[in-house]
$ cat target09.cif   # mmCIF, C-alpha atoms
data_entry
#
loop_
_atom_site.label_atom_id
_atom_site.label_comp_id
_atom_site.auth_asym_id
_atom_site.auth_seq_id
_atom_site.Cartn_x
_atom_site.Cartn_y
_atom_site.Cartn_z
CA MET A 1 -42.99 -30.13 -28.67
CA THR A 2 -44.39 -26.91 -27.20
CA ASP A 3 -42.90 -23.58 -28.17
CA LEU A 4 -40.99 -22.00 -25.30
CA LYS A 5 -42.01 -18.39 -24.72
CA SER A 6 -38.53 -17.23 -23.80
CA PHE A 7 -36.96 -13.93 -22.90
CA ALA A 8 -34.24 -15.70 -20.90
CA SER A 9 -31.41 -15.87 -23.42
CA ASP A 10 -30.64 -15.51 -27.10
CA ASN A 11 -29.35 -19.08 -26.80
CA ASN A 12 -32.96 -20.20 -26.66
CA ALA A 13 -33.64 -19.08 -30.23
CA GLY A 14 -33.18 -21.56 -33.04
CA ALA A 15 -30.74 -21.29 -35.91
CA HIS A 16 -31.49 -18.87 -38.71
CA PRO A 17 -32.96 -20.54 -41.82
CA ALA A 18 -30.03 -19.33 -43.95
CA VAL A 19 -27.62 -21.04 -41.57
CA MET A 20 -29.60 -24.27 -41.60
CA GLU A 21 -29.77 -24.12 -45.38
CA ALA A 22 -25.98 -23.75 -45.52
CA VAL A 23 -25.52 -26.83 -43.34
CA VAL A 24 -27.82 -28.86 -45.57
CA LYS A 25 -26.03 -27.61 -48.66
CA ALA A 26 -22.70 -28.67 -47.16
CA ASN A 27 -24.07 -32.18 -46.68
CA THR A 28 -23.23 -33.39 -50.18
CA GLY A 29 -20.52 -35.76 -51.34
CA PHE A 30 -17.20 -36.48 -49.70
CA ARG A 31 -14.99 -33.72 -48.31
CA LYS A 32 -11.64 -33.64 -46.55
CA SER A 33 -11.83 -33.72 -42.77
CA TYR A 34 -10.57 -31.58 -39.89
CA GLY A 35 -10.82 -28.25 -41.69
CA ASP A 36 -8.93 -29.17 -44.84
CA ASP A 37 -12.11 -28.97 -46.92
CA GLU A 38 -12.64 -26.22 -49.47
CA LEU A 39 -15.53 -24.69 -47.54
CA SER A 40 -13.54 -24.24 -44.32
CA ILE A 41 -10.59 -22.82 -46.22
CA HIS A 42 -12.88 -20.37 -47.98
CA THR A 43 -14.53 -19.36 -44.71
CA ASP A 44 -11.08 -18.53 -43.36
CA GLU A 45 -10.70 -16.07 -46.22
CA VAL A 46 -14.11 -14.58 -45.50
CA PHE A 47 -13.08 -13.95 -41.91
CA LYS A 48 -9.91 -12.26 -43.12
CA GLU A 49 -12.01 -9.87 -45.18
CA PHE A 50 -13.61 -8.75 -41.91
CA PHE A 51 -10.61 -8.86 -39.57
CA GLY A 52 -7.54 -8.44 -41.79
CA SER A 53 -5.23 -10.71 -43.72
CA GLN A 54 -3.07 -11.41 -40.67
CA ALA A 55 -5.94 -13.09 -38.79
CA ARG A 56 -5.69 -16.80 -38.00
CA ILE A 57 -9.02 -18.54 -37.56
CA HIS A 58 -9.80 -21.75 -35.69
CA TYR A 59 -13.32 -23.18 -35.45
CA VAL A 60 -14.82 -24.75 -32.34
CA THR A 61 -18.34 -25.69 -31.29
CA THR A 62 -18.87 -23.83 -28.01
CA GLY A 63 -18.09 -20.46 -26.48
CA THR A 64 -16.54 -22.16 -23.48
CA ALA A 65 -14.06 -23.93 -25.76
CA ALA A 66 -13.26 -20.68 -27.56
CA ASN A 67 -12.59 -18.83 -24.31
CA VAL A 68 -10.65 -21.54 -22.51
CA LEU A 69 -8.52 -22.73 -25.40
CA GLY A 70 -7.79 -19.20 -26.58
CA LEU A 71 -6.59 -18.18 -23.12
CA ARG A 72 -4.71 -21.44 -22.59
CA SER A 73 -2.79 -20.99 -25.83
CA VAL A 74 -1.18 -17.73 -24.69
CA THR A 75 -0.52 -18.51 -21.02
CA HIS A 76 1.63 -20.73 -18.82
CA THR A 77 0.27 -22.29 -15.65
CA TYR A 78 2.00 -19.60 -13.61
CA ASN A 79 0.14 -16.86 -15.46
CA SER A 80 -3.12 -15.19 -14.52
CA VAL A 81 -5.94 -13.62 -16.49
CA LEU A 82 -7.50 -10.40 -15.23
CA CYS A 83 -11.23 -10.04 -15.80
CA ALA A 84 -14.29 -8.33 -14.39
CA ALA A 85 -15.91 -10.15 -11.50
CA GLN A 86 -19.08 -10.51 -13.60
CA ALA A 87 -17.22 -11.97 -16.61
CA HIS A 88 -18.66 -15.08 -18.22
CA ILE A 89 -15.31 -16.85 -17.89
CA ASN A 90 -15.43 -16.23 -14.14
CA ASN A 91 -19.05 -17.09 -13.40
CA ASP A 92 -20.46 -19.27 -16.15
CA GLU A 93 -17.77 -21.69 -17.34
CA CYS A 94 -18.06 -24.12 -14.40
CA GLY A 95 -14.39 -23.60 -13.58
CA ALA A 96 -13.28 -24.69 -17.07
CA PRO A 97 -10.48 -22.09 -17.34
CA GLU A 98 -8.97 -23.45 -14.14
CA ALA A 99 -9.76 -27.15 -14.66
CA PHE A 100 -8.81 -27.49 -18.32
CA GLY A 101 -6.65 -24.45 -18.88
CA GLY A 102 -4.66 -24.37 -15.66
CA ILE A 103 -5.42 -20.65 -15.68
CA LYS A 104 -5.73 -18.50 -12.58
CA LEU A 105 -8.51 -15.97 -13.01
CA VAL A 106 -8.25 -12.73 -11.07
CA PRO A 107 -11.74 -11.18 -10.86
CA ILE A 108 -11.82 -7.40 -10.47
CA PRO A 109 -14.88 -5.76 -8.86
CA SER A 110 -16.97 -3.74 -11.31
CA THR A 111 -20.42 -2.20 -11.20
CA ASP A 112 -21.25 -2.80 -14.87
CA GLY A 113 -18.90 -5.59 -15.93
CA LYS A 114 -16.47 -3.18 -17.57
CA LEU A 115 -12.82 -2.64 -16.71
CA THR A 116 -10.66 0.47 -16.89
CA PRO A 117 -6.88 0.88 -16.65
CA GLY A 118 -7.35 2.46 -13.23
CA MET A 119 -9.28 -0.57 -12.00
CA ILE A 120 -6.65 -2.99 -13.30
CA ALA A 121 -3.51 -1.16 -12.13
CA PRO A 122 -3.73 -2.23 -8.44
CA TYR A 123 -3.65 -5.88 -9.54
CA LEU A 124 -0.28 -5.56 -11.26
CA GLY A 125 1.80 -4.97 -8.14
CA HIS A 126 3.32 -8.46 -8.02
CA ILE A 127 4.79 -8.58 -11.51
CA GLY A 128 8.23 -10.19 -11.16
CA PHE A 129 7.45 -11.48 -7.65
CA VAL A 130 8.16 -15.22 -7.71
CA HIS A 131 5.53 -16.05 -5.08
CA ALA A 132 2.64 -14.61 -7.11
CA SER A 133 0.96 -15.63 -10.35
CA GLN A 134 2.07 -13.43 -13.21
CA PRO A 135 -0.59 -11.43 -15.10
CA LYS A 136 -0.54 -12.15 -18.82
CA VAL A 137 -3.98 -11.35 -20.24
CA ILE A 138 -6.71 -8.80 -19.70
CA SER A 139 -9.99 -10.36 -20.78
CA ILE A 140 -12.93 -8.08 -21.56
CA THR A 141 -16.47 -9.01 -22.52
CA GLN A 142 -18.13 -7.00 -25.28
CA PRO A 143 -20.94 -6.42 -24.46
CA THR A 144 -20.63 -7.23 -20.78
CA GLU A 145 -22.77 -9.69 -18.86
CA LEU A 146 -24.74 -6.70 -17.62
CA GLY A 147 -25.46 -5.56 -21.18
CA LYS A 148 -23.08 -2.61 -21.17
CA LEU A 149 -20.79 -1.62 -24.02
CA TYR A 150 -17.17 -0.57 -24.15
CA THR A 151 -16.74 2.38 -26.48
CA LEU A 152 -14.02 2.09 -29.08
CA LYS A 153 -11.99 4.67 -27.15
CA GLU A 154 -12.30 2.65 -23.95
CA ILE A 155 -11.04 -0.46 -25.72
CA GLU A 156 -8.21 1.50 -27.30
CA ASP A 157 -7.16 2.84 -23.89
CA LEU A 158 -7.24 -0.63 -22.34
CA VAL A 159 -5.17 -2.10 -25.16
CA GLU A 160 -2.58 0.67 -24.90
CA PHE A 161 -2.41 0.19 -21.13
CA ALA A 162 -2.01 -3.57 -21.53
CA HIS A 163 0.62 -3.50 -24.26
CA ASP A 164 2.69 -0.95 -22.36
CA ARG A 165 2.92 -3.60 -19.62
CA ASP A 166 3.53 -6.58 -21.91
CA LEU A 167 0.00 -7.87 -21.40
CA LEU A 168 -2.33 -9.26 -24.04
CA VAL A 169 -5.97 -8.30 -24.55
CA HIS A 170 -8.61 -10.96 -25.13
CA MET A 171 -12.14 -10.07 -26.13
CA ASP A 172 -14.96 -12.45 -25.27
CA GLY A 173 -17.16 -11.69 -28.26
CA ALA A 174 -20.01 -14.13 -27.79
CA ARG A 175 -22.30 -11.19 -28.70
CA LEU A 176 -19.78 -9.16 -30.65
CA ALA A 177 -22.29 -8.64 -33.46
CA ASN A 178 -24.74 -6.98 -31.07
CA ALA A 179 -22.00 -4.63 -29.89
CA CYS A 180 -21.01 -3.65 -33.43
CA ALA A 181 -24.62 -3.12 -34.41
CA ALA A 182 -25.20 -0.92 -31.36
CA LEU A 183 -22.08 1.18 -31.93
CA ASP A 184 -22.51 1.27 -35.73
CA CYS A 185 -19.03 -0.02 -36.45
CA SER A 186 -17.42 -2.99 -38.18
CA PHE A 187 -15.74 -6.01 -36.62
CA PHE A 188 -12.44 -4.56 -37.86
CA ASP A 189 -13.10 -1.19 -36.22
CA MET A 190 -13.77 -2.81 -32.85
CA THR A 191 -10.90 -5.28 -32.84
CA THR A 192 -8.08 -5.25 -35.37
CA ALA A 193 -7.97 -1.46 -35.70
CA LEU A 194 -7.62 -1.20 -31.91
CA ASP A 195 -4.87 -3.84 -31.69
CA VAL A 196 -6.92 -6.37 -29.73
CA ASP A 197 -4.78 -9.50 -29.64
CA PHE A 198 -7.34 -12.30 -29.91
CA ILE A 199 -11.07 -12.89 -29.86
CA SER A 200 -13.60 -15.52 -28.96
CA PHE A 201 -15.96 -14.94 -31.88
CA GLY A 202 -19.54 -16.01 -31.25
CA GLY A 203 -22.19 -17.03 -33.73
CA THR A 204 -24.45 -19.35 -31.73
CA LYS A 205 -26.26 -16.59 -29.86
CA ASN A 206 -27.04 -14.69 -33.05
CA GLY A 207 -28.39 -17.32 -35.42
CA CYS A 208 -25.85 -20.11 -35.74
CA LEU A 209 -26.43 -23.71 -34.74
CA MET A 210 -23.14 -24.27 -32.91
CA GLY A 211 -20.63 -22.03 -34.62
CA GLU A 212 -17.81 -20.28 -32.75
CA ALA A 213 -14.23 -19.38 -33.61
CA VAL A 214 -10.99 -18.30 -32.00
CA LEU A 215 -9.38 -15.47 -33.95
CA PHE A 216 -5.76 -14.54 -33.37
CA LEU A 217 -5.22 -11.01 -34.67
CA ASN A 218 -1.75 -10.70 -33.21
CA PRO A 219 0.51 -12.77 -35.51
CA ASP A 220 2.96 -13.51 -32.69
CA ILE A 221 0.65 -15.50 -30.40
CA GLY A 222 -1.32 -18.74 -30.37
CA GLU A 223 1.02 -20.78 -32.55
CA GLY A 224 0.26 -23.97 -30.61
CA PHE A 225 -3.50 -23.63 -30.77
CA PRO A 226 -4.13 -26.41 -33.34
CA TYR A 227 -2.56 -28.93 -30.99
CA LEU A 228 -4.42 -27.64 -27.95
CA ARG A 229 -7.69 -27.82 -29.85
CA LYS A 230 -7.03 -31.47 -30.69
CA GLN A 231 -6.07 -32.28 -27.09
CA ALA A 232 -9.25 -30.61 -25.88
CA MET A 233 -11.43 -32.70 -28.23
CA GLN A 234 -12.57 -29.65 -30.20
CA LEU A 235 -11.05 -30.57 -33.57
CA VAL A 236 -14.29 -31.41 -35.38
CA SER A 237 -13.78 -34.10 -37.99
CA LYS A 238 -16.60 -32.88 -40.25
CA MET A 239 -15.51 -29.27 -39.87
CA ARG A 240 -17.41 -28.21 -42.98
CA PHE A 241 -20.63 -28.20 -40.95
CA VAL A 242 -19.20 -25.63 -38.52
CA SER A 243 -17.55 -23.43 -41.13
CA ALA A 244 -20.67 -23.58 -43.33
CA GLN A 245 -22.63 -21.92 -40.53
CA LEU A 246 -20.15 -19.12 -40.10
CA GLU A 247 -19.79 -18.53 -43.82
CA ALA A 248 -23.56 -18.08 -44.08
CA TYR A 249 -23.57 -15.97 -40.93
CA LEU A 250 -21.07 -13.52 -42.42
CA ALA A 251 -22.65 -13.50 -45.89
CA ASP A 252 -24.94 -10.65 -46.94
CA ASP A 253 -24.54 -9.02 -43.51
CA LEU A 254 -26.75 -11.65 -41.87
CA TRP A 255 -24.81 -11.16 -38.63
CA LEU A 256 -25.63 -7.45 -38.68
CA LYS A 257 -29.29 -7.86 -39.62
CA ASN A 258 -29.82 -10.39 -36.85
CA ALA A 259 -28.02 -8.31 -34.22
CA THR A 260 -29.72 -5.06 -35.24
CA HIS A 261 -33.11 -6.73 -34.97
CA ALA A 262 -32.34 -8.26 -31.57
CA ASN A 263 -31.16 -4.90 -30.25
CA ALA A 264 -34.26 -3.17 -31.59
CA MET A 265 -36.55 -5.68 -29.91
CA ALA A 266 -34.84 -5.05 -26.58
CA LYS A 267 -35.36 -1.32 -26.93
CA ARG A 268 -39.00 -1.90 -27.87
CA LEU A 269 -39.45 -4.07 -24.80
CA ALA A 270 -37.77 -1.52 -22.55
CA GLU A 271 -39.85 1.36 -23.88
CA LYS A 272 -43.18 -0.43 -23.56
CA ALA A 273 -42.47 -2.21 -20.29
CA GLY A 274 -40.96 0.91 -18.76
CA ALA A 275 -44.22 2.76 -19.35
CA ILE A 276 -46.00 0.43 -16.90
CA GLU A 277 -46.34 1.77 -13.37
CA GLY A 278 -44.46 -0.57 -11.06
CA VAL A 279 -41.85 -1.56 -13.65
CA ASP A 280 -38.43 0.05 -13.36
CA ILE A 281 -35.99 -0.49 -16.21
CA LYS A 282 -32.48 -0.34 -14.77
CA GLY A 283 -30.10 1.91 -16.66
CA THR A 284 -29.84 2.19 -20.41
CA VAL A 285 -30.50 -0.59 -22.91
CA ASP A 286 -27.34 -0.78 -24.98
CA CYS A 287 -27.86 -4.02 -26.91
CA ASN A 288 -30.20 -7.01 -26.63
CA SER A 289 -30.49 -7.40 -22.88
CA LEU A 290 -32.27 -5.37 -20.24
CA PHE A 291 -32.72 -5.54 -16.51
CA ALA A 292 -35.81 -4.50 -14.59
CA HIS A 293 -37.31 -4.30 -11.12
CA ILE A 294 -40.81 -5.73 -10.99
CA PRO A 295 -42.93 -6.83 -8.02
CA PRO A 296 -42.02 -10.35 -6.81
CA ARG A 297 -45.59 -11.57 -7.26
CA ALA A 298 -45.59 -10.28 -10.86
CA THR A 299 -42.47 -12.33 -11.50
CA GLU A 300 -44.20 -15.46 -10.20
CA ILE A 301 -47.21 -14.86 -12.44
CA LEU A 302 -45.12 -14.23 -15.55
CA LEU A 303 -42.96 -17.29 -14.99
CA GLU A 304 -46.05 -19.46 -15.32
CA LYS A 305 -46.13 -18.57 -19.03
CA TYR A 306 -42.70 -17.19 -19.89
CA TYR A 307 -39.11 -18.26 -19.36
CA PHE A 308 -36.65 -15.64 -18.10
CA TYR A 309 -34.07 -15.26 -15.36
CA VAL A 310 -34.44 -13.72 -11.93
CA TRP A 311 -31.06 -12.00 -11.93
CA ASP A 312 -31.01 -10.85 -8.32
CA GLU A 313 -33.50 -12.35 -5.90
CA HIS A 314 -32.57 -9.86 -3.19
CA ASP A 315 -33.75 -6.76 -5.02
CA HIS A 316 -36.12 -8.55 -7.42
CA THR A 317 -34.18 -7.73 -10.56
CA VAL A 318 -35.03 -9.78 -13.65
CA ARG A 319 -33.16 -10.05 -16.93
CA TRP A 320 -34.93 -10.13 -20.26
CA MET A 321 -33.11 -10.90 -23.50
CA THR A 322 -34.19 -10.70 -27.10
CA SER A 323 -32.81 -12.46 -30.15
CA TRP A 324 -32.82 -12.46 -33.93
CA ALA A 325 -36.03 -14.52 -33.73
CA THR A 326 -37.91 -12.26 -31.30
CA THR A 327 -40.85 -10.60 -33.03
CA GLU A 328 -42.73 -7.40 -32.28
CA GLU A 329 -45.79 -9.53 -31.59
CA MET A 330 -43.88 -11.54 -28.97
CA VAL A 331 -42.73 -8.36 -27.26
CA ASP A 332 -46.20 -6.80 -27.28
CA GLU A 333 -47.82 -9.97 -25.91
CA PHE A 334 -45.24 -10.14 -23.14
CA VAL A 335 -45.78 -6.48 -22.24
CA ALA A 336 -49.55 -6.99 -22.13
CA ASP A 337 -49.13 -9.94 -19.77
CA LEU A 338 -46.60 -7.98 -17.73
CA ARG A 339 -49.12 -5.19 -17.26
CA LYS A 340 -51.73 -7.69 -16.05
CA ALA A 341 -49.23 -9.35 -13.71
CA VAL A 342 -48.20 -6.04 -12.14
CA GLU A 343 -51.86 -5.11 -11.63
CA ALA A 344 -52.55 -8.49 -10.03
CA ALA A 345 -49.56 -8.04 -7.74
CA LYS A 346 -50.87 -4.83 -6.21
#
$ encode --input "target09.cif" --output "structure tokens"
Amino acid sequence: MTDLKSFASDNNAGAHPAVMEAVVKANTGFRKSYGDDELSIHTDEVFKEFFGSQARIHYVTTGTAANVLGLRSVTHTYNSVLCAAQAHINNDECGAPEAFGGIKLVPIPSTDGKLTPGMIAPYLGHIGFVHASQPKVISITQPTELGKLYTLKEIEDLVEFAHDRDLLVHMDGARLANACAALDCSFFDMTTALDVDFISFGGTKNGCLMGEAVLFLNPDIGEGFPYLRKQAMQLVSKMRFVSAQLEAYLADDLWLKNATHANAMAKRLAEKAGAIEGVDIKGTVDCNSLFAHIPPRATEILLEKYYFYVWDEHDHTVRWMTSWATTEEMVDEFVADLRKAVEAAK
């Protein structure tokens, strides 16, 4: 099996050795099923150390399941979820929120994938109007699909705006660790302290094998989630193998080390690639993704050796992502080949 030279997604990286070791270690003897094992119960307590004692934690295997089931658990079929037009739930879930959740998504135009109270307000005009779906949740992605970060103050303002209007705030945190590492804050600081209601907590993109969780921080919501998870075929019988990943992920700040490294590799790539004439790094690099303009022919040359996404074919924007497993040597080799490709494209 050849090694994929990937800057396409942090999903392409393997699982961290400490996570794999934890899975192997969990593979001993007989344990209770469906999350009643000692390891899963202990991992719940570990999560509470990060998010507060009121947190309720439910493990699933995919980010799609975390997003869809979390949103479904707090909405009726007449409700809607407000999100940025670029949100993962809107563009990359293959219609799962609608098909399996019965949820109407209302995408709001945004230049960077972020939302503000002012952007959301015009979409609340039909509250109480029986002919219109009723907004229930504001879903934000941290960091956004365009690699931008909400500041803590921006999240706080959104939450205050939402709660004043009896709306809930969901955070799609598939890369929450990268956001916390970039802003130098804890999970608690970014979520519980700001009164975020519930989170899709991601581990897969930052070193886990298939570990995700839905965290309800608001004690008054999501009471039916265990039943929805079973109906949706996400109640893993051998749950210890999911919780073992997340326990290892949270232990010894592995989540932070992995995310900090991934972010640093993106900045290294941006700095070195941006120094090449003909390469234009778009905007700031806030976490572990960056976007760049390069000549179309250079893209063709690079794609013969590397795997990455052409984000916008119209203006020749590409997206490069780094991960916990990206090395300085990988970045430097890519930059060297990028330089050659740009020269060849002239």
$ resolve_selection --input "target09.cif" --expression "the PyMOL selection byres ((chain A and resi 237) around 12)" --output "ChimeraX atom specification"
/A:31-37,40,59-61,229-230,233-236,238-243
$ write_last_selection --input "target09.cif" --atoms "C-alpha atoms" --output "short mmCIF file (atom, residue, chain, number, x, y, z; two decimals), keeping the file's coordinate frame"
data_model
loop_
_atom_site.label_atom_id
_atom_site.label_comp_id
_atom_site.auth_asym_id
_atom_site.auth_seq_id
_atom_site.Cartn_x
_atom_site.Cartn_y
_atom_site.Cartn_z
CA ARG A 31 -14.99 -33.72 -48.31
CA LYS A 32 -11.64 -33.64 -46.55
CA SER A 33 -11.83 -33.72 -42.77
CA TYR A 34 -10.57 -31.58 -39.89
CA GLY A 35 -10.82 -28.25 -41.69
CA ASP A 36 -8.93 -29.17 -44.84
CA ASP A 37 -12.11 -28.97 -46.92
CA SER A 40 -13.54 -24.24 -44.32
CA TYR A 59 -13.32 -23.18 -35.45
CA VAL A 60 -14.82 -24.75 -32.34
CA THR A 61 -18.34 -25.69 -31.29
CA ARG A 229 -7.69 -27.82 -29.85
CA LYS A 230 -7.03 -31.47 -30.69
CA MET A 233 -11.43 -32.70 -28.23
CA GLN A 234 -12.57 -29.65 -30.20
CA LEU A 235 -11.05 -30.57 -33.57
CA VAL A 236 -14.29 -31.41 -35.38
CA LYS A 238 -16.60 -32.88 -40.25
CA MET A 239 -15.51 -29.27 -39.87
CA ARG A 240 -17.41 -28.21 -42.98
CA PHE A 241 -20.63 -28.20 -40.95
CA VAL A 242 -19.20 -25.63 -38.52
CA SER A 243 -17.55 -23.43 -41.13
#
$ residues_around --input "target09.cif" --residues "Lys305 (chain A)" --least-positions-apart "2" --cutoff "12 Å" --atoms "all atoms listed in the file" --output "PyMOL selection string"
chain A and resi 2-7+298-303+307-308+333-334+337-338+341
$ resolve_selection --input "target09.cif" --expression "the PyMOL selection byres ((chain A and resi 253-268) around 6)" --output "list in words"
Ala177, Asn178, Ala181, Tyr249, Leu250, Ala251, Asp252, Leu269, Ala270, Glu271, Cys287, Asn288, Thr322, Ser323 and Trp324 of chain A
$ residues_around --input "target09.cif" --residues "Ala15 (chain A)" --least-positions-apart "4" --cutoff "6 Å" --atoms "only C-alpha atoms" --output "MDAnalysis selection string"
chainID A and resid 207:209
$ atom_distance --input "target09.cif" --atom1 "CA of Pro143 (chain A)" --atom2 "CA of Ala193 (chain A)"
17.9 Å
$ closest_residue --input "target09.cif" --among "A:Glu277, A:Asp112, A:Glu329, A:Asp164" --to "Ala87 (chain A)" --atoms "all atoms listed in the file"
A:Asp112
$ closest_residue --input "target09.cif" --among "A:Lys272, A:Gly224, A:Leu146, A:Tyr78" --to "Val130 (chain A)" --atoms "only C-alpha atoms"
A:Tyr78
$ atom_distance --input "target09.cif" --atom1 "CA of Met210 (chain A)" --atom2 "CA of His76 (chain A)"
28.7 Å
$ resolve_selection --input "target09.cif" --expression "the PyMOL selection byres ((chain A and resi 320) around 8)" --output "number ranges by chain"
A: 7-9, 289-291, 308-309, 318-319, 321-322
$ closest_residue --input "target09.cif" --among "A:Ala213, A:Ala292, A:Ala275, A:Val74" --to "Asp315 (chain A)" --atoms "all atoms listed in the file"
A:Ala292
$ atom_distance --input "target09.cif" --atom1 "CA of Pro97 (chain A)" --atom2 "CA of His163 (chain A)"
22.7 Å
$ closest_residue --input "target09.cif" --among "A:Gln86, A:Thr284, A:Asn91, A:Gln142" --to "Phe201 (chain A)" --atoms "all atoms listed in the file"
A:Gln142
$ closest_residue --input "target09.cif" --among "A:Ala55, A:Ala248, A:Ile221, A:Met171" --to "Ser200 (chain A)" --atoms "all atoms listed in the file"
A:Met171
$ closest_residue --input "target09.cif" --among "A:Ala345, A:His314, A:Gly274, A:Val285" --to "Arg297 (chain A)" --atoms "all atoms listed in the file"
A:Ala345
$ axis_aligned_box --input "target09.cif" --around "region 216-222 of chain A" --padding-each-side "4 Å" --output "AutoDock Vina command-line options"
--center_x -1.4 --center_y -14.7 --center_z -32.9 --size_x 16.7 --size_y 16.0 --size_z 13.1
$ residues_around --input "target09.cif" --residues "Leu217 (chain A)" --least-positions-apart "6" --cutoff "8 Å" --atoms "all atoms listed in the file" --output "VMD selection string"
chain A and resid 51 to 52 54 to 56 192 195 to 199
